Structure formats: C-alpha cells, structure tokens
file model01.tsv (TSV, C-alpha atoms)
chain	number	residue	atom	x	y	z
A	1	MET	CA	201.65	11.37	205.54
A	2	LYS	CA	201.06	9.74	208.87
A	3	ILE	CA	197.77	9.44	210.68
A	4	LEU	CA	198.37	10.36	214.32
A	5	GLU	CA	194.81	9.98	215.49
A	6	ALA	CA	192.00	8.93	213.17
A	7	ASN	CA	189.26	10.00	215.51
A	8	ALA	CA	190.25	12.96	217.67
A	9	GLY	CA	186.66	13.94	218.34
A	10	LEU	CA	183.21	14.34	216.89
A	11	LEU	CA	182.13	17.68	215.49
A	12	SER	CA	178.52	18.74	215.34
A	13	ASN	CA	177.18	20.25	212.14
A	14	PHE	CA	177.01	23.58	213.91
A	15	GLU	CA	180.72	23.53	214.82
A	16	VAL	CA	181.71	22.81	211.21
A	17	LEU	CA	179.38	25.54	209.99
A	18	ASP	CA	180.85	27.98	212.50
A	19	LEU	CA	184.38	27.09	211.41
A	20	LEU	CA	183.53	27.53	207.73
A	21	ARG	CA	181.84	30.83	208.50
A	22	SER	CA	184.97	32.04	210.27
A	23	ARG	CA	186.92	31.04	207.15
A	24	GLY	CA	184.64	33.34	205.15
A	25	ALA	CA	182.53	30.71	203.37
A	26	ASP	CA	179.40	32.84	203.75
A	27	LYS	CA	180.85	35.38	201.34
A	28	GLY	CA	181.34	32.82	198.59
A	29	PHE	CA	184.35	31.75	196.57
A	30	LEU	CA	186.66	34.65	195.73
A	31	GLY	CA	189.66	32.79	194.37
A	32	ALA	CA	192.27	34.44	196.60
A	33	VAL	CA	195.26	32.42	197.81
A	34	GLY	CA	194.57	30.80	201.16
A	35	ALA	CA	190.98	31.96	201.13
A	36	VAL	CA	187.92	29.74	201.16
A	37	THR	CA	187.75	27.07	198.42
A	38	PRO	CA	184.75	26.02	196.29
A	39	SER	CA	184.51	22.66	198.07
A	40	GLU	CA	184.28	24.42	201.44
A	41	CYS	CA	181.53	26.66	200.04
A	42	LYS	CA	179.56	23.57	199.00
A	43	VAL	CA	179.74	22.12	202.51
A	44	TYR	CA	178.72	25.51	203.87
A	45	ASP	CA	175.74	25.66	201.51
A	46	TYR	CA	174.63	22.22	202.64
A	47	LEU	CA	174.95	23.02	206.35
A	48	VAL	CA	173.43	26.49	206.26
A	49	GLN	CA	170.09	25.12	205.07
A	50	SER	CA	170.16	22.28	207.59
A	51	PRO	CA	168.88	22.82	211.16
A	52	ALA	CA	172.44	23.91	212.07
A	53	GLY	CA	171.89	27.06	210.01
A	54	THR	CA	169.97	28.87	212.74
A	55	GLN	CA	171.70	27.39	215.78
A	56	THR	CA	174.02	29.32	218.06
A	57	ARG	CA	176.74	28.00	220.34
A	58	GLU	CA	174.74	28.72	223.50
A	59	LYS	CA	171.61	27.01	222.19
A	60	VAL	CA	173.46	23.83	221.16
A	61	GLN	CA	175.29	23.65	224.51
A	62	ASP	CA	172.05	24.24	226.32
A	63	PHE	CA	170.36	21.46	224.37
A	64	LEU	CA	173.19	18.94	224.85
A	65	LYS	CA	173.06	19.60	228.59
A	66	GLU	CA	169.31	19.12	228.63
A	67	ALA	CA	169.62	15.91	226.59
A	68	GLU	CA	171.97	14.32	229.15
A	69	GLN	CA	169.05	13.22	231.32
A	70	TYR	CA	167.77	10.82	228.63
A	71	SER	CA	170.90	8.60	228.93
A	72	LEU	CA	171.67	8.77	225.25
A	73	THR	CA	175.13	8.20	223.82
A	74	LYS	CA	177.20	11.18	222.75
A	75	ALA	CA	176.74	10.36	219.07
A	76	GLU	CA	172.98	10.15	219.52
A	77	ARG	CA	172.85	13.54	221.23
A	78	LEU	CA	174.97	15.09	218.50
A	79	GLN	CA	172.78	13.56	215.82
A	80	ALA	CA	169.74	14.93	217.59
A	81	SER	CA	171.24	18.42	217.41
A	82	ASN	CA	172.12	17.89	213.73
A	83	ILE	CA	168.71	16.57	212.68
A	84	ARG	CA	166.45	18.32	215.20
A	85	PRO	CA	163.83	15.54	215.48
A	86	ILE	CA	160.38	17.02	216.01
A	87	SER	CA	158.33	13.82	215.80
A	88	ALA	CA	158.49	10.51	217.62
A	89	VAL	CA	159.29	8.63	214.41
A	90	GLU	CA	162.44	10.72	213.94
A	91	VAL	CA	163.55	10.06	217.52
A	92	HIS	CA	163.16	6.33	216.90
A	93	LEU	CA	165.43	6.66	213.85
A	94	ILE	CA	168.24	8.29	215.78
A	95	VAL	CA	168.06	6.32	219.01
A	96	GLU	CA	168.97	2.67	218.76
A	97	ASP	CA	166.52	0.26	220.44
A	98	CYS	CA	164.38	3.24	221.31
A	99	ASP	CA	161.46	1.07	222.44
A	100	GLU	CA	163.55	-0.51	225.20
A	101	ARG	CA	165.46	2.55	226.30
A	102	LEU	CA	162.88	5.31	226.23
A	103	SER	CA	159.22	5.15	227.15
A	104	SER	CA	156.82	6.90	224.82
A	105	ALA	CA	156.29	9.61	227.43
A	106	MET	CA	160.04	10.21	227.51
A	107	VAL	CA	160.15	10.37	223.70
A	108	ASP	CA	157.43	13.01	223.81
A	109	ARG	CA	159.32	14.95	226.46
A	110	PHE	CA	162.50	14.68	224.40
A	111	VAL	CA	160.69	16.06	221.34
A	112	GLY	CA	159.43	18.85	223.55
A	113	SER	CA	162.90	19.82	224.73
A	114	VAL	CA	164.20	19.68	221.14
A	115	GLU	CA	161.49	22.10	220.07
A	116	GLU	CA	162.12	24.33	223.05
A	117	LYS	CA	165.93	24.44	222.98
A	118	LEU	CA	166.77	24.34	219.28
A	119	PRO	CA	165.58	27.03	216.88
A	120	PRO	CA	163.43	25.96	213.89
A	121	PRO	CA	165.39	25.16	210.72
A	122	PRO	CA	165.87	27.95	208.16
A	123	GLU	CA	163.94	26.10	205.42
A	124	GLN	CA	160.56	27.58	206.33
A	125	SER	CA	161.77	31.12	205.84
A	126	ASP	CA	163.29	30.06	202.49
A	127	GLU	CA	159.97	28.64	201.37
A	128	THR	CA	158.06	31.75	202.32
A	129	ALA	CA	160.68	33.80	200.52
A	130	GLU	CA	160.26	31.63	197.43
A	131	GLN	CA	156.50	31.87	197.66
A	132	GLY	CA	156.88	35.61	197.90
A	133	GLU	CA	158.99	35.60	194.78
A	134	THR	CA	156.55	33.51	192.77
A	135	GLU	CA	153.75	35.80	193.88
A	136	MET	CA	155.79	38.73	192.69
A	137	GLU	CA	156.32	37.01	189.36
A	138	THR	CA	152.64	36.28	188.85
A	139	GLU	CA	151.83	39.87	189.54
B	1	MET	CA	178.93	13.18	210.81
B	2	PHE	CA	182.01	15.33	210.81
B	3	MET	CA	185.05	14.24	212.73
B	4	LEU	CA	188.43	15.61	213.62
B	5	SER	CA	191.52	13.68	212.51
B	6	LEU	CA	195.12	14.47	213.43
B	7	LEU	CA	197.78	13.98	210.79
B	8	ARG	CA	201.52	14.54	210.43
B	9	ASP	CA	203.08	15.28	207.08
B	10	THR	CA	206.33	16.61	205.67
B	11	LEU	CA	205.50	19.56	203.49
B	12	ARG	CA	207.69	21.26	200.93
B	13	ILE	CA	206.96	24.96	200.75
B	14	PRO	CA	207.53	26.15	197.19
B	15	PRO	CA	209.82	29.22	196.97
B	16	HIS	CA	207.13	31.52	195.58
B	17	ASN	CA	205.19	31.15	198.83
B	18	LEU	CA	208.13	32.07	201.06
B	19	SER	CA	207.27	35.76	200.90
B	20	ILE	CA	204.02	35.25	202.81
B	21	PRO	CA	204.00	34.36	206.53
B	22	LEU	CA	205.03	30.75	207.19
B	23	LEU	CA	201.72	29.80	208.80
B	24	ASP	CA	199.79	31.01	205.74
B	25	ALA	CA	202.18	29.27	203.37
B	26	ILE	CA	201.71	25.98	205.21
B	27	ARG	CA	197.96	26.50	205.30
B	28	VAL	CA	197.91	26.96	201.51
B	29	GLN	CA	200.02	23.84	201.04
B	30	ILE	CA	197.74	21.71	203.25
B	31	GLN	CA	194.68	23.04	201.45
B	32	ASN	CA	196.15	22.16	198.07
B	33	ILE	CA	197.05	18.65	199.13
B	34	TYR	CA	194.12	17.58	201.30
B	35	LEU	CA	190.99	19.64	200.73
B	36	ASP	CA	188.14	17.91	198.91
B	37	LYS	CA	190.15	14.67	198.82
B	38	VAL	CA	189.25	11.28	200.26
B	39	ILE	CA	191.71	9.60	202.62
B	40	LYS	CA	191.08	5.89	202.90
B	41	GLU	CA	189.26	4.97	206.15
B	42	LEU	CA	189.26	8.63	207.23
B	43	GLY	CA	186.69	10.01	204.82
B	44	LEU	CA	186.40	13.20	202.81
B	45	CYS	CA	188.48	16.16	203.95
B	46	VAL	CA	186.27	19.20	204.42
B	47	THR	CA	188.56	21.83	205.84
B	48	LEU	CA	191.67	22.49	207.90
B	49	TYR	CA	190.85	22.67	211.60
B	50	ASP	CA	194.14	23.80	213.11
B	51	ILE	CA	197.93	23.57	212.80
B	52	ARG	CA	199.40	22.15	216.00
B	53	SER	CA	203.12	22.18	215.46
B	54	ILE	CA	205.68	23.10	212.80
B	55	GLU	CA	209.16	21.64	212.94
B	56	GLY	CA	212.19	21.58	210.71
B	57	GLY	CA	212.63	23.86	207.77
B	58	PHE	CA	215.38	21.71	206.33
B	59	VAL	CA	216.62	22.51	202.84
B	60	PHE	CA	217.60	19.31	201.09
B	61	PRO	CA	220.76	19.47	198.96
B	62	GLY	CA	219.85	20.37	195.41
B	63	ASP	CA	216.36	21.54	196.39
B	64	GLY	CA	215.42	25.20	196.44
B	65	ALA	CA	212.72	24.92	199.07
B	66	PRO	CA	212.45	24.22	202.81
B	67	THR	CA	210.66	21.12	204.09
B	68	PHE	CA	208.68	21.24	207.32
B	69	THR	CA	207.19	18.51	209.49
B	70	VAL	CA	203.72	19.70	210.40
B	71	ASP	CA	201.10	18.27	212.78
B	72	PHE	CA	197.60	19.41	211.93
B	73	GLY	CA	193.96	18.61	212.40
B	74	LEU	CA	191.51	18.12	209.54
B	75	VAL	CA	187.74	18.13	209.58
B	76	MET	CA	186.67	14.91	207.85
B	77	PHE	CA	183.24	13.94	206.59
B	78	ARG	CA	183.01	10.34	207.71
B	79	PRO	CA	179.49	9.05	208.33
B	80	PHE	CA	179.21	6.11	210.67
B	81	VAL	CA	177.09	3.04	209.98
B	82	GLY	CA	173.61	3.73	211.28
B	83	GLU	CA	173.84	7.51	210.92
B	84	VAL	CA	170.78	9.24	209.47
B	85	LEU	CA	171.44	11.85	206.78
B	86	VAL	CA	169.28	14.03	204.54
B	87	GLY	CA	170.21	14.55	200.90
B	88	LYS	CA	168.66	15.54	197.60
B	89	LEU	CA	167.48	12.89	195.15
B	90	LYS	CA	169.58	13.34	192.00
B	91	LYS	CA	168.73	10.35	189.87
B	92	CYS	CA	166.43	7.34	189.80
B	93	ASP	CA	167.22	4.29	187.74
B	94	LYS	CA	166.53	0.57	187.82
B	95	THR	CA	169.37	-0.04	190.29
B	96	GLY	CA	167.88	2.35	192.85
B	97	LEU	CA	168.33	5.94	194.00
B	98	HIS	CA	171.30	8.25	193.62
B	99	ILE	CA	171.45	10.90	196.33
B	100	SER	CA	173.64	13.97	196.66
B	101	LEU	CA	174.57	16.02	199.72
B	102	GLY	CA	175.79	18.90	197.55
B	103	PHE	CA	179.43	18.37	198.47
B	104	PHE	CA	179.29	14.58	198.25
B	105	ASP	CA	177.50	12.72	195.44
B	106	ASP	CA	178.39	9.04	195.65
B	107	ILE	CA	175.42	7.82	197.67
B	108	HIS	CA	173.44	4.89	196.37
B	109	VAL	CA	170.29	3.28	197.70
B	110	PRO	CA	169.89	-0.10	195.97
B	111	GLU	CA	166.40	-1.22	195.02
B	112	HIS	CA	166.11	-3.91	197.69
B	113	LEU	CA	166.64	-1.27	200.41
B	114	LEU	CA	163.79	1.02	199.31
B	115	GLN	CA	160.52	1.17	201.23
B	116	GLN	CA	158.65	-2.08	200.61
B	117	PRO	CA	156.83	-2.58	198.30
B	118	SER	CA	158.40	-0.19	195.80
B	119	THR	CA	158.21	-0.41	192.02
B	120	PHE	CA	160.00	1.39	189.24
B	121	ASP	CA	157.75	3.49	187.02
B	122	GLU	CA	159.11	3.06	183.50
B	123	GLU	CA	157.23	6.06	182.08
B	124	GLU	CA	158.19	8.58	184.73
B	125	LYS	CA	161.55	6.92	185.43
B	126	LEU	CA	160.87	7.25	189.13
B	127	TRP	CA	160.53	4.89	192.06
B	128	VAL	CA	157.07	4.56	193.56
B	129	TRP	CA	156.26	3.35	197.06
B	130	LYS	CA	152.91	1.54	197.10
B	131	TYR	CA	151.71	2.47	200.56
B	132	GLN	CA	148.24	1.23	201.51
B	133	GLY	CA	147.08	1.53	197.91
B	134	ASN	CA	148.56	5.01	197.45
B	135	ASP	CA	151.28	5.69	194.89
B	136	MET	CA	154.03	7.66	196.61
B	137	PHE	CA	156.35	8.97	193.90
B	138	MET	CA	159.97	9.77	194.71
B	139	ASP	CA	160.37	12.96	192.71
B	140	LEU	CA	163.77	14.29	191.73
B	141	ASP	CA	165.35	17.09	193.79
B	142	GLU	CA	163.25	16.16	196.81
B	143	ASP	CA	164.88	15.79	200.23
B	144	VAL	CA	165.46	12.14	201.07
B	145	ARG	CA	166.31	10.85	204.50
B	146	PHE	CA	168.37	7.67	204.58
B	147	ARG	CA	170.39	5.57	206.99
B	148	VAL	CA	174.03	4.79	206.24
B	149	LEU	CA	174.37	1.04	205.79
B	150	GLN	CA	177.93	0.83	204.57
B	151	VAL	CA	180.81	3.14	203.69
B	152	LYS	CA	183.10	1.73	201.01
B	153	TYR	CA	186.54	2.84	199.89
B	154	PRO	CA	186.99	0.95	196.61
B	155	PRO	CA	190.57	0.39	195.41
B	156	ILE	CA	191.78	2.63	192.60
B	157	PRO	CA	191.20	0.72	189.35
B	158	VAL	CA	194.32	-0.06	187.31
B	159	GLU	CA	192.42	-0.11	184.08
B	160	GLN	CA	188.99	1.32	183.40
B	161	ASP	CA	186.55	0.76	180.57
B	162	LYS	CA	185.87	3.75	178.39
B	163	ASP	CA	182.20	4.00	179.27
B	164	ALA	CA	182.57	3.01	182.91
B	165	LYS	CA	181.16	5.43	185.48
B	166	PRO	CA	183.71	7.81	186.99
B	167	PHE	CA	185.74	6.31	189.80
B	168	ALA	CA	184.49	7.22	193.27
B	169	PRO	CA	187.07	6.88	196.08
B	170	MET	CA	184.34	6.76	198.74
B	171	GLU	CA	180.84	5.36	198.35
B	172	ILE	CA	177.95	5.30	200.77
B	173	ILE	CA	175.30	2.61	200.58
B	174	GLY	CA	172.07	3.95	202.04
B	175	ASP	CA	168.95	2.27	203.38
B	176	THR	CA	165.48	3.82	203.27
B	177	ASN	CA	163.47	0.81	204.38
B	178	ALA	CA	162.26	1.90	207.81
B	179	ASP	CA	159.69	4.22	209.33
B	180	GLY	CA	160.75	7.84	208.98
B	181	LEU	CA	163.05	7.17	206.01
B	182	GLY	CA	162.44	8.05	202.39
B	183	LEU	CA	161.18	11.45	201.29
B	184	VAL	CA	161.17	13.90	204.18
B	185	SER	CA	157.78	15.22	203.04
B	186	TRP	CA	156.17	11.80	203.60
B	187	TRP	CA	156.70	12.03	207.33
B	188	SER	CA	156.09	15.67	208.15

call {"tool": "encode", "arguments": {"input": "model01.tsv", "output": "structure tokens"}}
result
Amino acid sequence: MKILEANAGLLSNFEVLDLLRSRGADKGFLGAVGAVTPSECKVYDYLVQSPAGTQTREKVQDFLKEAEQYSLTKAERLQASNIRPISAVEVHLIVEDCDERLSSAMVDRFVGSVEEKLPPPPEQSDETAEQGETEMETE
Amino acid sequence: MFMLSLLRDTLRIPPHNLSIPLLDAIRVQIQNIYLDKVIKELGLCVTLYDIRSIEGGFVFPGDGAPTFTVDFGLVMFRPFVGEVLVGKLKKCDKTGLHISLGFFDDIHVPEHLLQQPSTFDEEEKLWVWKYQGNDMFMDLDEDVRFRVLQVKYPPIPVEQDKDAKPFAPMEIIGDTNADGLGLVSWWS
C-alpha cells in the first residue's frame, strides 16, 4: 500500500451521506457481495440524523456561496454546513477568534443566513414521531 | 470531518471472483481490505470513493490469480484538532466521559476537560456540572458536543494484559470546557 495523497480534499457530511445513499445504505445491510457493509450503514445512520439528513446539493452549494462573504476559511464553512449553527454561541465554537473576525451583528446575520439557506435538522420530526408513538401506547 | 485520500495498492484478485466484472471484483477486494479499518495518520476508512486506474493483471509463477496495481480514493473519517463534533454519551466513570458517534467509539473526555466545576456523582455514576448553583447532570445517551483536542494512533501492543481494555487503533481526546460544549440540550 502506498499513500499517493493523504488529503485530496475535504468532504462535507452531506457529500458522504449522498455517496452512501447511492451505495444503497438507506436500504440497510443485505449481505450481498459488493453491496453496502454494516460499517457503512452505521456511518449512514449517524449522518442521516445529523443536519446533513435533510440537506440537498443545491441548498448546500447555495449556503456555501452565501457564506463566502464572511471571510471564513473553507473548513469553517464546511463545519457550518455540517453543524448548522443557529445560535451565536455555536458560531463562536466553529469560528476561531470569532470576537476579532466577526462583529456581533455579522454573527447574527450569519445565523440568519444559516437558518434561511439550510433546512432544519430531521431530529424534530423524529421527536414528534416518537411522541406520537408514546401517545399511541398510552391510549 | 470526512476527507478524501488517494492510495495505490497491488491487489490479488482471488480466482472465485474472476467470473464477475473486473471493476466489481476489485471493489470487493478493496472493501474487504480497507473498510472499517484505521490507517495510521489517515483515519478510519468509511467507504470507497472511486477507482481511478487499474494496471497490470500479472499472474505470478505458481500463483493462480492475477495481481493488479490499482489507484483509488477512500473516504476517511479524520477529525482535525479544533473540530466540533456531536456524539452520544455512552459511559461515565471517574476518568471522564466516553462518547460514541455510532460508527466510532473511542472518544474520551478526561475529567480535567469537563465544564468547570464538575463533580462525579458516586450514587448516579454520572458527571454533574455545578453551574450557578444548579446541578446539571450528564445523562447517558444524551447528545454531547465536544471539541477535538487530540487524535492519537497508539502503536499496536506486543503483549496485552488479560483484563486490559480492547486495543483502539485510533483515539480521540475531546474537550467540553467551553461555552456551547457539553450536552446539546444545555445550550438550546
């Protein structure tokens, strides 16, 4: 084995999810030769309940374009699309030296564009579904 | 974060896979060798991204199988220092937190990197953050946000004690001592 290039590019969570979906990870492990493996299914399960679960290619591209104006690094923009920060404290986590680089008004505007461009994470629908189930059970 | 790594390897295609198309046979071989494995300094291999070139097909004397030189790209899970990740809290003990991402379990947050001041509740076996007089329990199976402080690739042990914990080829040391880190529910 020879490593030709250790870092040939960053992949956003959405891209990995899309790749795994095209491999058939959303249908679960079937055990066929060359088909999706259990470890791939686990990664898929993790990503599908993250904010990447509801994203589409157009929305992510749209967001990354929008985020260019905040002079963030590429890794910071990708992390923003992975985490979908919807509060100022989350933006401060992702952006290094946030106090010096972004004014609080810019942070607020950034949060606004995150909320506008990226769809809400799938968790909420899961929770309501679970609540629905427990209600069914109590009935 | 996930990254793309390019590798070159010489692969022996076993005879029983020669009846399927070559590309599929090579794909199966790469999956068997690399998937769900840690490569030192590259991280955990998640999936095959693409196959870029296939060369050779040489049959070595005395061997009943062709050997190909293949260039391919792998999707690696390799978090960088400073990256913020969300995982599920699997275990609390005196040494700190053990967090799982579902596909990757060897994440440890040592006690000195928890939110300050935190104490270990002996009865509940949970860590508690004493925040302005409130007891904030870190319940199991809750989502925890942490920052990657260090990624370690420990050497494979030559000899291991019987009751030693299973060997982990890649370990992440996490940090939850900052605003916004810790349980996700604390900050929403």

call {"tool": "closest_atom_pairs", "arguments": {"input": "model01.tsv", "of": "chain A", "to": "chain B", "cutoff": "7 Å", "atoms": "all atoms listed in the file", "output": "CSV"}}
result
residue,atom,partner,partner_atom,distance
A:Met1,CA,B:Asp9,CA,4.4
A:Lys2,CA,B:Arg8,CA,5.1
A:Ile3,CA,B:Leu7,CA,4.5
A:Leu4,CA,B:Leu7,CA,5.1
A:Glu5,CA,B:Leu6,CA,4.9
A:Ala6,CA,B:Ser5,CA,4.8
A:Asn7,CA,B:Ser5,CA,5.3
A:Ala8,CA,B:Leu4,CA,5.2
A:Gly9,CA,B:Leu4,CA,5.3
A:Leu10,CA,B:Met3,CA,4.5
A:Leu11,CA,B:Phe2,CA,5.2
A:Ser12,CA,B:Phe2,CA,6.7
A:Gly34,CA,B:Val28,CA,5.1
A:Ser39,CA,B:Asp36,CA,6.0
A:Glu40,CA,B:Val46,CA,6.3
A:Lys42,CA,B:Phe103,CA,5.2
A:Val43,CA,B:Phe103,CA,5.5
A:Tyr46,CA,B:Gly102,CA,6.2
A:Val89,CA,B:Gly180,CA,5.7
A:Glu90,CA,B:Gly180,CA,6.0
A:Leu93,CA,B:Gly180,CA,6.9
A:Ile94,CA,B:Val84,CA,6.9

call {"tool": "residues_around", "arguments": {"input": "model01.tsv", "residues": "A:Pro119", "least_positions_apart": "4", "cutoff": "10 Å", "atoms": "all atoms listed in the file", "output": "VMD selection string"}}
result
chain A and resid 51 to 56 59 to 60 84 114 to 115

call {"tool": "atom_distance", "arguments": {"input": "model01.tsv", "atom1": "atom CA of A:Glu66", "atom2": "atom CA of A:Phe110"}}
result
9.2 Å

call {"tool": "atom_distance", "arguments": {"input": "model01.tsv", "atom1": "atom CA of B:Pro157", "atom2": "atom CA of B:Ile39"}}
result
16.0 Å

call {"tool": "atom_distance", "arguments": {"input": "model01.tsv", "atom1": "atom CA of A:Tyr70", "atom2": "atom CA of A:Arg101"}}
result
8.9 Å

call {"tool": "closest_residue", "arguments": {"input": "model01.tsv", "among": "B:Pro154, B:Gly174, B:Pro66, B:Pro14", "to": "B:Leu113", "atoms": "all atoms listed in the file"}}
result
B:Gly174

call {"tool": "residues_around", "arguments": {"input": "model01.tsv", "residues": "B:Asn177", "least_positions_apart": "4", "cutoff": "12 Å", "atoms": "all atoms listed in the file", "output": "JSON, numbers by chain"}}
result
{"A": [93], "B": [109, 110, 111, 112, 113, 114, 115, 116, 117, 118, 129, 144, 145, 146, 147, 148, 149, 181, 182, 183]}

call {"tool": "closest_residue", "arguments": {"input": "model01.tsv", "among": "B:His16, B:His98, B:Arg52, B:His108", "to": "B:Val151", "atoms": "all atoms listed in the file"}}
result
B:His108

call {"tool": "axis_aligned_box", "arguments": {"input": "model01.tsv", "around": "stretch 111-116 of chain A", "padding_each_side": "6 Å", "output": "JSON"}}
result
{"center_x": 161.8, "center_y": 20.2, "center_z": 222.4, "size_x": 16.8, "size_y": 20.3, "size_z": 16.7}

call {"tool": "residues_around", "arguments": {"input": "model01.tsv", "residues": "B:Thr67", "least_positions_apart": "6", "cutoff": "8 Å", "atoms": "only C-alpha atoms", "output": "list in words"}}
result
Thr10, Leu11, Arg12, Ile13, Gly56, Gly57, Phe58, Val59 and Phe60 of chain B

call {"tool": "decode", "arguments": {"input": "model01.tsv", "residues": "stretch 50-59 of chain A", "atoms": "all heavy atoms", "output": "PDB file, in the first residue's frame"}}
result
ATOM      1  N   SER A  50     -28.140  13.697  11.479  1.00  0.00           N
ATOM      2  CA  SER A  50     -27.457  14.981  11.665  1.00  0.00           C
ATOM      3  C   SER A  50     -28.119  15.998  10.725  1.00  0.00           C
ATOM      4  O   SER A  50     -28.954  15.623   9.906  1.00  0.00           O
ATOM      5  CB  SER A  50     -25.973  14.817  11.330  1.00  0.00           C
ATOM      6  OG  SER A  50     -25.801  14.751   9.940  1.00  0.00           O
ATOM      7  N   PRO A  51     -27.735  17.281  10.823  1.00  0.00           N
ATOM      8  CA  PRO A  51     -28.357  18.275   9.923  1.00  0.00           C
ATOM      9  C   PRO A  51     -28.204  17.919   8.446  1.00  0.00           C
ATOM     10  O   PRO A  51     -28.988  18.364   7.609  1.00  0.00           O
ATOM     11  CB  PRO A  51     -27.613  19.562  10.260  1.00  0.00           C
ATOM     12  CG  PRO A  51     -27.193  19.384  11.666  1.00  0.00           C
ATOM     13  CD  PRO A  51     -26.891  17.923  11.819  1.00  0.00           C
ATOM     14  N   ALA A  52     -27.194  17.091   8.104  1.00  0.00           N
ATOM     15  CA  ALA A  52     -26.988  16.718   6.695  1.00  0.00           C
ATOM     16  C   ALA A  52     -28.162  15.898   6.168  1.00  0.00           C
ATOM     17  O   ALA A  52     -28.352  15.806   4.953  1.00  0.00           O
ATOM     18  CB  ALA A  52     -25.687  15.932   6.549  1.00  0.00           C
ATOM     19  N   GLY A  53     -28.932  15.303   7.080  1.00  0.00           N
ATOM     20  CA  GLY A  53     -30.000  14.389   6.673  1.00  0.00           C
ATOM     21  C   GLY A  53     -31.057  15.017   5.791  1.00  0.00           C
ATOM     22  O   GLY A  53     -31.653  14.333   4.958  1.00  0.00           O
ATOM     23  N   THR A  54     -31.306  16.313   5.959  1.00  0.00           N
ATOM     24  CA  THR A  54     -32.361  16.958   5.175  1.00  0.00           C
ATOM     25  C   THR A  54     -31.803  17.860   4.082  1.00  0.00           C
ATOM     26  O   THR A  54     -32.568  18.470   3.348  1.00  0.00           O
ATOM     27  CB  THR A  54     -33.274  17.801   6.089  1.00  0.00           C
ATOM     28  OG1 THR A  54     -32.442  18.622   6.906  1.00  0.00           O
ATOM     29  CG2 THR A  54     -34.144  16.937   6.966  1.00  0.00           C
ATOM     30  N   GLN A  55     -30.463  17.953   3.992  1.00  0.00           N
ATOM     31  CA  GLN A  55     -29.881  18.874   3.028  1.00  0.00           C
ATOM     32  C   GLN A  55     -29.939  18.293   1.615  1.00  0.00           C
ATOM     33  O   GLN A  55     -29.981  17.090   1.421  1.00  0.00           O
ATOM     34  CB  GLN A  55     -28.424  19.169   3.398  1.00  0.00           C
ATOM     35  CG  GLN A  55     -28.306  20.002   4.667  1.00  0.00           C
ATOM     36  CD  GLN A  55     -26.890  20.076   5.188  1.00  0.00           C
ATOM     37  OE1 GLN A  55     -25.983  19.497   4.618  1.00  0.00           O
ATOM     38  NE2 GLN A  55     -26.721  20.787   6.283  1.00  0.00           N
ATOM     39  N   THR A  56     -29.940  19.196   0.648  1.00  0.00           N
ATOM     40  CA  THR A  56     -29.816  18.782  -0.745  1.00  0.00           C
ATOM     41  C   THR A  56     -28.594  19.481  -1.334  1.00  0.00           C
ATOM     42  O   THR A  56     -28.088  20.451  -0.763  1.00  0.00           O
ATOM     43  CB  THR A  56     -31.054  19.174  -1.569  1.00  0.00           C
ATOM     44  OG1 THR A  56     -31.159  20.597  -1.549  1.00  0.00           O
ATOM     45  CG2 THR A  56     -32.320  18.568  -1.000  1.00  0.00           C
ATOM     46  N   ARG A  57     -28.134  18.975  -2.474  1.00  0.00           N
ATOM     47  CA  ARG A  57     -26.930  19.528  -3.089  1.00  0.00           C
ATOM     48  C   ARG A  57     -27.076  21.023  -3.360  1.00  0.00           C
ATOM     49  O   ARG A  57     -26.178  21.801  -3.069  1.00  0.00           O
ATOM     50  CB  ARG A  57     -26.647  18.768  -4.393  1.00  0.00           C
ATOM     51  CG  ARG A  57     -25.277  18.985  -4.964  1.00  0.00           C
ATOM     52  CD  ARG A  57     -24.969  17.916  -5.982  1.00  0.00           C
ATOM     53  NE  ARG A  57     -24.695  16.635  -5.367  1.00  0.00           N
ATOM     54  CZ  ARG A  57     -23.485  16.235  -4.980  1.00  0.00           C
ATOM     55  NH1 ARG A  57     -22.462  17.018  -5.144  1.00  0.00           N
ATOM     56  NH2 ARG A  57     -23.306  15.058  -4.430  1.00  0.00           N
ATOM     57  N   GLU A  58     -28.235  21.419  -3.892  1.00  0.00           N
ATOM     58  CA  GLU A  58     -28.435  22.826  -4.241  1.00  0.00           C
ATOM     59  C   GLU A  58     -28.376  23.702  -2.996  1.00  0.00           C
ATOM     60  O   GLU A  58     -27.746  24.761  -2.989  1.00  0.00           O
ATOM     61  CB  GLU A  58     -29.790  23.040  -4.937  1.00  0.00           C
ATOM     62  CG  GLU A  58     -29.911  22.423  -6.307  1.00  0.00           C
ATOM     63  CD  GLU A  58     -30.100  20.914  -6.270  1.00  0.00           C
ATOM     64  OE1 GLU A  58     -30.735  20.427  -5.305  1.00  0.00           O
ATOM     65  OE2 GLU A  58     -29.598  20.221  -7.160  1.00  0.00           O
ATOM     66  N   LYS A  59     -29.017  23.223  -1.916  1.00  0.00           N
ATOM     67  CA  LYS A  59     -29.077  24.045  -0.703  1.00  0.00           C
ATOM     68  C   LYS A  59     -27.697  24.239  -0.104  1.00  0.00           C
ATOM     69  O   LYS A  59     -27.351  25.328   0.359  1.00  0.00           O
ATOM     70  CB  LYS A  59     -30.016  23.396   0.312  1.00  0.00           C
ATOM     71  CG  LYS A  59     -31.470  23.675  -0.001  1.00  0.00           C
ATOM     72  CD  LYS A  59     -32.390  23.036   0.996  1.00  0.00           C
ATOM     73  CE  LYS A  59     -33.830  23.368   0.648  1.00  0.00           C
ATOM     74  NZ  LYS A  59     -34.765  22.387   1.182  1.00  0.00           N
TER      75      LYS A  59
END
